[in-house]
>>> print(open('start_34.csv').read())   # CSV, C-alpha atoms
chain,number,residue,atom,x,y,z
A,30,MET,CA,113.8,126.0,100.1
A,31,PRO,CA,113.0,129.7,100.2
A,32,LEU,CA,115.9,132.1,100.0
A,33,LEU,CA,114.3,134.7,102.2
A,34,ARG,CA,114.1,134.2,105.9
A,35,ASP,CA,110.7,134.3,107.6
A,36,ALA,CA,111.4,137.6,109.4
A,37,ASP,CA,112.8,139.2,106.3
A,38,ARG,CA,109.9,138.1,104.3
A,39,GLU,CA,107.4,139.7,106.7
A,40,ASN,CA,109.4,143.0,106.7
A,41,LEU,CA,109.4,143.0,103.0
A,42,ARG,CA,105.7,142.2,102.8
A,43,LYS,CA,105.0,145.2,105.0
A,44,GLU,CA,107.2,147.4,102.7
A,45,LEU,CA,105.5,146.2,99.6
A,46,ASP,CA,102.1,146.7,101.1
A,47,GLN,CA,102.7,150.4,100.6
A,48,LEU,CA,102.7,150.1,96.9
A,49,GLN,CA,99.9,152.0,95.2
A,50,THR,CA,101.0,151.7,91.6
A,51,PRO,CA,102.0,148.3,90.2
A,52,VAL,CA,105.6,147.6,89.2
A,53,ARG,CA,106.6,145.0,86.6
A,54,LEU,CA,109.9,143.1,86.9
A,55,VAL,CA,110.7,142.2,83.3
A,56,PHE,CA,113.0,139.2,83.6
A,57,PHE,CA,115.3,138.0,80.8
A,58,THR,CA,116.6,134.5,81.2
A,59,GLN,CA,117.8,131.6,79.0
A,60,ALA,CA,117.8,127.8,79.5
A,61,LEU,CA,121.4,127.1,78.6
A,62,ASP,CA,124.7,128.6,79.6
A,63,CYS,CA,123.3,130.9,82.3
A,64,GLU,CA,124.6,129.9,85.7
A,65,TYR,CA,122.6,132.4,87.7
A,66,CYS,CA,119.3,132.6,85.8
A,67,GLY,CA,117.6,130.0,88.0
A,68,LEU,CA,118.6,131.7,91.2
A,69,THR,CA,117.6,135.1,89.9
A,70,LYS,CA,114.2,133.7,89.0
A,71,GLN,CA,113.8,132.2,92.5
A,72,VAL,CA,114.6,135.6,94.1
A,73,LEU,CA,112.1,137.4,91.8
A,74,GLU,CA,109.3,134.8,92.4
A,75,GLU,CA,109.7,135.2,96.2
A,76,ILE,CA,109.4,139.0,95.8
A,77,VAL,CA,106.4,138.8,93.5
A,78,GLY,CA,104.7,136.3,95.9
A,79,LEU,CA,104.6,139.0,98.6
A,80,SER,CA,102.6,141.6,96.8
A,81,ASP,CA,99.8,141.8,94.2
A,82,GLN,CA,101.4,145.1,93.1
A,83,VAL,CA,104.5,143.5,91.8
A,84,GLN,CA,104.3,141.6,88.5
A,85,LEU,CA,106.8,139.3,86.9
A,86,LYS,CA,107.1,139.1,83.1
A,87,GLU,CA,109.6,136.6,81.7
A,88,TYR,CA,111.3,136.6,78.4
A,89,ASN,CA,113.8,134.2,76.9
A,90,PHE,CA,117.0,136.1,75.9
A,91,ALA,CA,117.7,133.7,73.1
A,92,ILE,CA,114.3,133.6,71.6
A,93,ASP,CA,112.4,136.8,72.4
A,94,LYS,CA,114.5,139.1,70.2
A,95,ASP,CA,111.9,141.9,70.0
A,96,ALA,CA,111.8,142.2,73.8
A,97,VAL,CA,115.6,142.1,74.1
A,98,ALA,CA,115.8,145.0,71.6
A,99,GLN,CA,112.9,146.9,73.2
A,100,TYR,CA,114.5,146.8,76.6
A,101,HIS,CA,118.1,147.0,75.3
A,102,ILE,CA,119.1,143.9,77.2
A,103,ALA,CA,122.8,143.1,77.0
A,104,ARG,CA,123.2,139.8,78.8
A,105,VAL,CA,121.4,137.5,81.2
A,106,PRO,CA,120.1,137.3,83.8
A,107,ALA,CA,118.6,140.7,83.5
A,108,ILE,CA,115.8,142.6,85.2
A,109,ALA,CA,114.1,145.8,84.0
A,110,VAL,CA,112.0,147.6,86.7
A,111,THR,CA,109.1,149.3,85.1
A,112,ARG,CA,105.9,151.1,86.3
A,113,VAL,CA,102.5,150.0,85.2
A,114,GLU,CA,100.4,153.1,84.8
A,115,GLN,CA,96.6,153.1,84.4
A,116,PRO,CA,95.3,155.5,81.7
A,117,LYS,CA,94.1,158.7,83.4
A,118,LEU,CA,91.1,159.1,81.2
A,119,LEU,CA,88.9,156.1,80.4
A,120,VAL,CA,87.1,156.9,77.2
A,121,THR,CA,86.3,153.5,75.6
A,122,GLY,CA,86.8,151.5,78.7
A,123,ASN,CA,89.3,149.3,76.8
A,124,GLU,CA,92.4,151.4,77.4
A,125,GLN,CA,95.3,149.2,78.4
A,126,PRO,CA,97.8,150.1,81.2
A,127,ARG,CA,100.9,151.8,79.9
A,128,GLU,CA,104.3,150.5,80.9
A,129,ARG,CA,106.8,153.2,81.8
A,130,ASP,CA,110.4,152.2,81.5
A,131,TYR,CA,112.8,154.4,83.4
A,132,GLY,CA,115.8,152.6,82.1
A,133,ILE,CA,116.6,150.8,85.3
A,134,ARG,CA,118.3,147.4,84.8
A,135,TYR,CA,119.8,144.8,87.1
A,136,TYR,CA,122.3,142.3,85.7
A,137,GLY,CA,123.0,139.2,87.8
A,138,VAL,CA,121.4,137.7,90.9
A,139,PRO,CA,119.9,140.5,93.0
A,140,ALA,CA,121.5,139.4,96.3
A,141,GLY,CA,123.0,141.3,99.2
A,142,PHE,CA,123.3,145.0,98.4
A,143,GLU,CA,121.6,144.5,95.1
A,144,PHE,CA,118.6,142.9,96.7
A,145,ALA,CA,118.2,146.0,98.9
A,146,ALA,CA,118.7,148.3,95.9
A,147,LEU,CA,116.1,146.4,93.9
A,148,ILE,CA,113.5,146.6,96.7
A,149,GLY,CA,114.3,150.4,96.9
A,150,ASP,CA,113.9,150.7,93.2
A,151,ILE,CA,110.6,148.9,93.3
A,152,LEU,CA,109.3,151.3,95.9
A,153,ASP,CA,110.6,154.4,94.1
A,154,VAL,CA,109.4,153.3,90.7
A,155,SER,CA,105.9,152.6,92.1
A,156,LYS,CA,105.8,156.0,93.6
A,157,GLY,CA,107.2,157.6,90.5
A,158,ASP,CA,109.7,159.5,92.6
A,159,SER,CA,113.5,158.8,92.7
A,160,GLY,CA,113.8,160.4,96.2
A,161,LEU,CA,116.7,162.5,95.0
A,162,SER,CA,117.0,166.1,96.3
A,163,ALA,CA,115.5,169.0,94.3
A,164,GLN,CA,119.0,170.2,93.3
A,165,SER,CA,119.9,166.7,92.0
A,166,LYS,CA,116.7,166.4,90.1
A,167,SER,CA,117.2,169.8,88.4
A,168,ALA,CA,120.9,169.0,87.5
A,169,LEU,CA,119.9,165.7,85.9
A,170,ALA,CA,116.9,167.2,84.1
A,171,GLN,CA,119.3,169.6,82.3
A,172,LEU,CA,121.2,166.7,80.6
A,173,LYS,CA,120.9,166.9,76.8
A,174,ASP,CA,122.8,163.8,75.9
A,175,PRO,CA,122.5,160.2,76.8
A,176,LEU,CA,124.0,159.1,80.1
A,177,HIS,CA,124.6,155.4,80.7
A,178,LEU,CA,125.6,154.4,84.2
A,179,GLN,CA,126.9,151.0,85.1
A,180,VAL,CA,127.3,150.4,88.8
A,181,PHE,CA,129.4,147.4,89.7
A,182,THR,CA,128.7,145.7,93.0
A,183,THR,CA,129.3,142.4,94.7
A,184,PRO,CA,126.9,140.5,96.9
A,185,THR,CA,128.7,141.2,100.1
B,25,MET,CA,118.8,159.0,88.6
B,26,ALA,CA,117.4,157.2,85.6
B,27,MET,CA,114.0,158.3,86.7
B,28,GLU,CA,114.8,161.9,86.4
B,29,ASN,CA,115.7,162.1,82.7
B,30,GLU,CA,114.7,159.8,79.8
B,31,LEU,CA,118.2,160.0,78.5
B,32,ILE,CA,119.6,158.3,81.6
B,33,THR,CA,119.9,154.6,81.9
B,34,ALA,CA,121.2,152.8,84.9
B,35,ASP,CA,122.5,149.3,85.2
B,36,ALA,CA,123.4,147.5,88.4
B,37,VAL,CA,125.9,144.9,87.5
B,38,GLU,CA,126.9,142.0,89.7
B,39,ALA,CA,130.7,142.1,89.0
B,40,SER,CA,131.6,138.6,90.0
B,41,GLU,CA,129.0,137.1,87.6
B,42,TYR,CA,130.4,139.0,84.6
B,43,PRO,CA,134.2,138.6,84.8
B,44,GLU,CA,134.6,139.9,81.2
B,45,LEU,CA,132.9,143.2,82.2
B,46,ALA,CA,134.8,143.4,85.4
B,47,GLU,CA,138.0,143.0,83.5
B,48,ARG,CA,137.1,145.4,80.8
B,49,TYR,CA,136.3,148.1,83.3
B,50,GLN,CA,139.1,147.0,85.7
B,51,VAL,CA,136.8,146.5,88.7
B,52,TYR,CA,139.0,146.0,91.7
B,53,GLY,CA,136.8,147.6,94.3
B,54,VAL,CA,133.0,148.1,94.6
B,55,PRO,CA,130.9,150.1,94.2
B,56,LEU,CA,132.4,151.3,91.0
B,57,THR,CA,130.3,153.5,88.7
B,58,ILE,CA,131.2,153.8,85.0
B,59,ALA,CA,129.5,156.7,83.2
B,60,ASN,CA,129.3,156.6,79.4
B,61,ASP,CA,132.1,154.1,79.3
B,62,LYS,CA,134.7,156.7,80.2
B,63,ALA,CA,134.3,158.3,83.7
B,64,ARG,CA,135.1,156.1,86.7
B,65,ILE,CA,133.6,157.0,90.1
B,66,GLU,CA,135.0,154.8,92.8
B,67,GLY,CA,133.3,154.1,96.1
B,68,GLY,CA,130.2,155.5,97.7
B,69,MET,CA,129.7,159.1,98.5
B,70,PRO,CA,127.0,161.7,99.3
B,71,GLU,CA,124.4,162.3,96.6
B,72,PRO,CA,125.5,165.8,95.5
B,73,MET,CA,129.1,164.8,95.2
B,74,PHE,CA,128.3,161.7,93.3
B,75,ILE,CA,126.2,163.6,90.7
B,76,GLU,CA,128.9,166.3,90.4
B,77,LYS,CA,131.5,163.7,89.7
B,78,ILE,CA,129.4,162.0,87.1
B,79,LEU,CA,128.6,165.2,85.3
B,80,GLN,CA,132.3,166.3,85.5
B,81,GLY,CA,133.3,162.9,84.2
B,82,ILE,CA,131.2,163.1,81.1
B,83,GLY,CA,132.2,166.6,80.4
B,84,VAL,CA,128.9,168.4,81.5
B,85,LYS,CA,129.2,171.5,83.4
B,86,ASP,CA,127.0,171.4,86.5
B,87,GLU,CA,125.2,174.7,86.7
B,88,ARG,CA,123.5,174.3,90.0
>>> encode(input="start_34.csv", output="structure tokens")
Amino acid sequence: MPLLRDADRENLRKELDQLQTPVRLVFFTQALDCEYCGLTKQVLEEIVGLSDQVQLKEYNFAIDKDAVAQYHIARVPAIAVTRVEQPKLLVTGNEQPRERDYGIRYYGVPAGFEFAALIGDILDVSKGDSGLSAQSKSALAQLKDPLHLQVFTTPT
Amino acid sequence: MAMENELITADAVEASEYPELAERYQVYGVPLTIANDKARIEGGMPEPMFIEKILQGIGVKDER
């Protein structure tokens, strides 16, 4: 049974229709001892099914150690939201799209507030624009040391 | 925010699914933002105030 209601699905499809640059949802899961991995996958599959511009790439947290290290994944279920950029100049014709990782991660089922936030991030990442004010952007651009933010939420 | 600087990473964490994290960071209300494991910003607020609190919390002077 689908998780999204028909009306929500149609609204979401319209929003995702705006996407000009593809977004990849890099999903980390594992078969055992992950209560919410299955539900997370179902949510992601429903989103991906609404737009050709949203891709799903799945890794196994227990097996795909290189990917876990590359994306700095701490636990499952996890989702990294990345931008798939086409090379600007085609020289050989064999250039591969480049994945741009902004460091955006979701841990847990993206439901409720997190679902809305995830959709917002997909739209922003595709545009390549955070939507923050010019003042905020300039303040953040001046940071010289790593900043790790963890935002805790609950579904309702 | 993570889009604006490669040094910034942002995790959205579903608190009820990770009780050990919720306990470690003493998450009693949401949203709760933890910056660099030390600064706590509780609740939602307008964007300029949020960024100011984060920068203050990690000891960076906001020179806007």
>>> interface_residues(input="start_34.csv", of="chain A", to="chain B", cutoff="7 Å", atoms="all atoms listed in the file", output="PyMOL selection string")
chain A and resi 131-137+159+164-166+168-170+174-183
>>> residues_around(input="start_34.csv", residues="A:Gly141", least_positions_apart="6", cutoff="12 Å", atoms="only C-alpha atoms", output="NGL selection string")
(:A and (32-33 or 72 or 147-148 or 182-185)) or (:B and (38))
>>> closest_residue(input="start_34.csv", among="A:Thr69, A:Ser80, A:Thr111, A:Thr58", to="A:Val154", atoms="only C-alpha atoms")
A:Thr111
>>> atom_distance(input="start_34.csv", atom1="atom CA of A:Asp93", atom2="atom CA of A:Leu54")
16.0 Å
>>> decode(input="start_34.csv", residues="stretch 40-129 of chain A", atoms="C-alpha atoms", output="CSV table (one decimal), in the first residue's frame")
chain,number,residue,atom,x,y,z
A,40,ASN,CA,1.2,17.9,-5.6
A,41,LEU,CA,4.6,16.4,-5.2
A,42,ARG,CA,4.8,15.4,-8.8
A,43,LYS,CA,4.1,19.0,-9.8
A,44,GLU,CA,6.8,20.3,-7.5
A,45,LEU,CA,9.4,17.7,-8.8
A,46,ASP,CA,8.4,18.6,-12.4
A,47,GLN,CA,10.3,21.8,-11.9
A,48,LEU,CA,13.6,20.0,-11.4
A,49,GLN,CA,16.2,20.9,-14.1
A,50,THR,CA,19.2,19.3,-12.6
A,51,PRO,CA,19.1,15.7,-11.3
A,52,VAL,CA,19.3,14.9,-7.7
A,53,ARG,CA,20.6,11.6,-6.3
A,54,LEU,CA,19.3,10.1,-3.0
A,55,VAL,CA,22.1,8.0,-1.8
A,56,PHE,CA,20.4,5.5,0.5
A,57,PHE,CA,22.2,3.4,3.1
A,58,THR,CA,20.4,0.4,4.5
A,59,GLN,CA,21.1,-3.0,6.0
A,60,ALA,CA,19.2,-6.2,6.0
A,61,LEU,CA,19.4,-7.0,9.7
A,62,ASP,CA,18.8,-5.0,12.9
A,63,CYS,CA,17.4,-2.0,11.1
A,64,GLU,CA,13.8,-1.4,12.1
A,65,TYR,CA,13.2,1.6,9.9
A,66,CYS,CA,15.2,0.7,6.8
A,67,GLY,CA,12.3,-0.9,4.9
A,68,LEU,CA,9.9,2.0,5.5
A,69,THR,CA,12.6,4.5,4.5
A,70,LYS,CA,13.2,2.6,1.3
A,71,GLN,CA,9.5,2.7,0.5
A,72,VAL,CA,9.3,6.5,1.1
A,73,LEU,CA,12.3,7.0,-1.2
A,74,GLU,CA,10.9,4.7,-3.9
A,75,GLU,CA,7.7,6.6,-3.9
A,76,ILE,CA,9.5,9.9,-4.4
A,77,VAL,CA,11.8,8.6,-7.1
A,78,GLY,CA,8.8,7.2,-8.9
A,79,LEU,CA,7.4,10.7,-9.4
A,80,SER,CA,10.3,12.2,-11.3
A,81,ASP,CA,13.0,11.2,-13.8
A,82,GLN,CA,15.2,13.8,-12.2
A,83,VAL,CA,15.4,12.1,-8.8
A,84,GLN,CA,17.7,9.0,-8.7
A,85,LEU,CA,18.0,6.4,-6.0
A,86,LYS,CA,21.3,4.7,-5.3
A,87,GLU,CA,21.4,2.1,-2.6
A,88,TYR,CA,24.3,0.9,-0.5
A,89,ASN,CA,24.5,-1.7,2.2
A,90,PHE,CA,25.8,-0.2,5.4
A,91,ALA,CA,27.3,-3.5,6.5
A,92,ILE,CA,29.0,-4.4,3.2
A,93,ASP,CA,29.7,-1.2,1.1
A,94,LYS,CA,32.4,0.1,3.4
A,95,ASP,CA,34.0,2.4,0.8
A,96,ALA,CA,30.7,4.2,0.2
A,97,VAL,CA,30.1,4.5,4.0
A,98,ALA,CA,33.5,6.1,4.4
A,99,GLN,CA,33.1,8.3,1.3
A,100,TYR,CA,29.8,9.7,2.5
A,101,HIS,CA,30.7,9.6,6.2
A,102,ILE,CA,27.6,7.7,7.2
A,103,ALA,CA,27.2,7.1,10.9
A,104,ARG,CA,24.2,4.8,11.1
A,105,VAL,CA,21.1,3.5,9.2
A,106,PRO,CA,18.8,4.3,7.7
A,107,ALA,CA,20.7,7.2,6.1
A,108,ILE,CA,20.1,9.3,3.0
A,109,ALA,CA,22.6,11.7,1.4
A,110,VAL,CA,21.1,14.3,-1.0
A,111,THR,CA,23.5,15.0,-3.8
A,112,ARG,CA,23.4,16.9,-7.1
A,113,VAL,CA,24.3,15.2,-10.4
A,114,GLU,CA,26.0,17.8,-12.5
A,115,GLN,CA,26.7,17.4,-16.2
A,116,PRO,CA,30.2,18.4,-17.3
A,117,LYS,CA,30.1,21.9,-18.8
A,118,LEU,CA,32.5,21.2,-21.6
A,119,LEU,CA,32.3,18.0,-23.6
A,120,VAL,CA,35.6,17.3,-25.1
A,121,THR,CA,35.8,13.6,-25.5
A,122,GLY,CA,32.1,12.9,-25.3
A,123,ASN,CA,32.8,10.4,-22.6
A,124,GLU,CA,32.7,12.7,-19.6
A,125,GLN,CA,30.7,11.4,-16.8
A,126,PRO,CA,28.3,13.4,-14.6
A,127,ARG,CA,29.9,14.6,-11.5
A,128,GLU,CA,28.2,14.1,-8.1
A,129,ARG,CA,28.3,17.1,-5.9
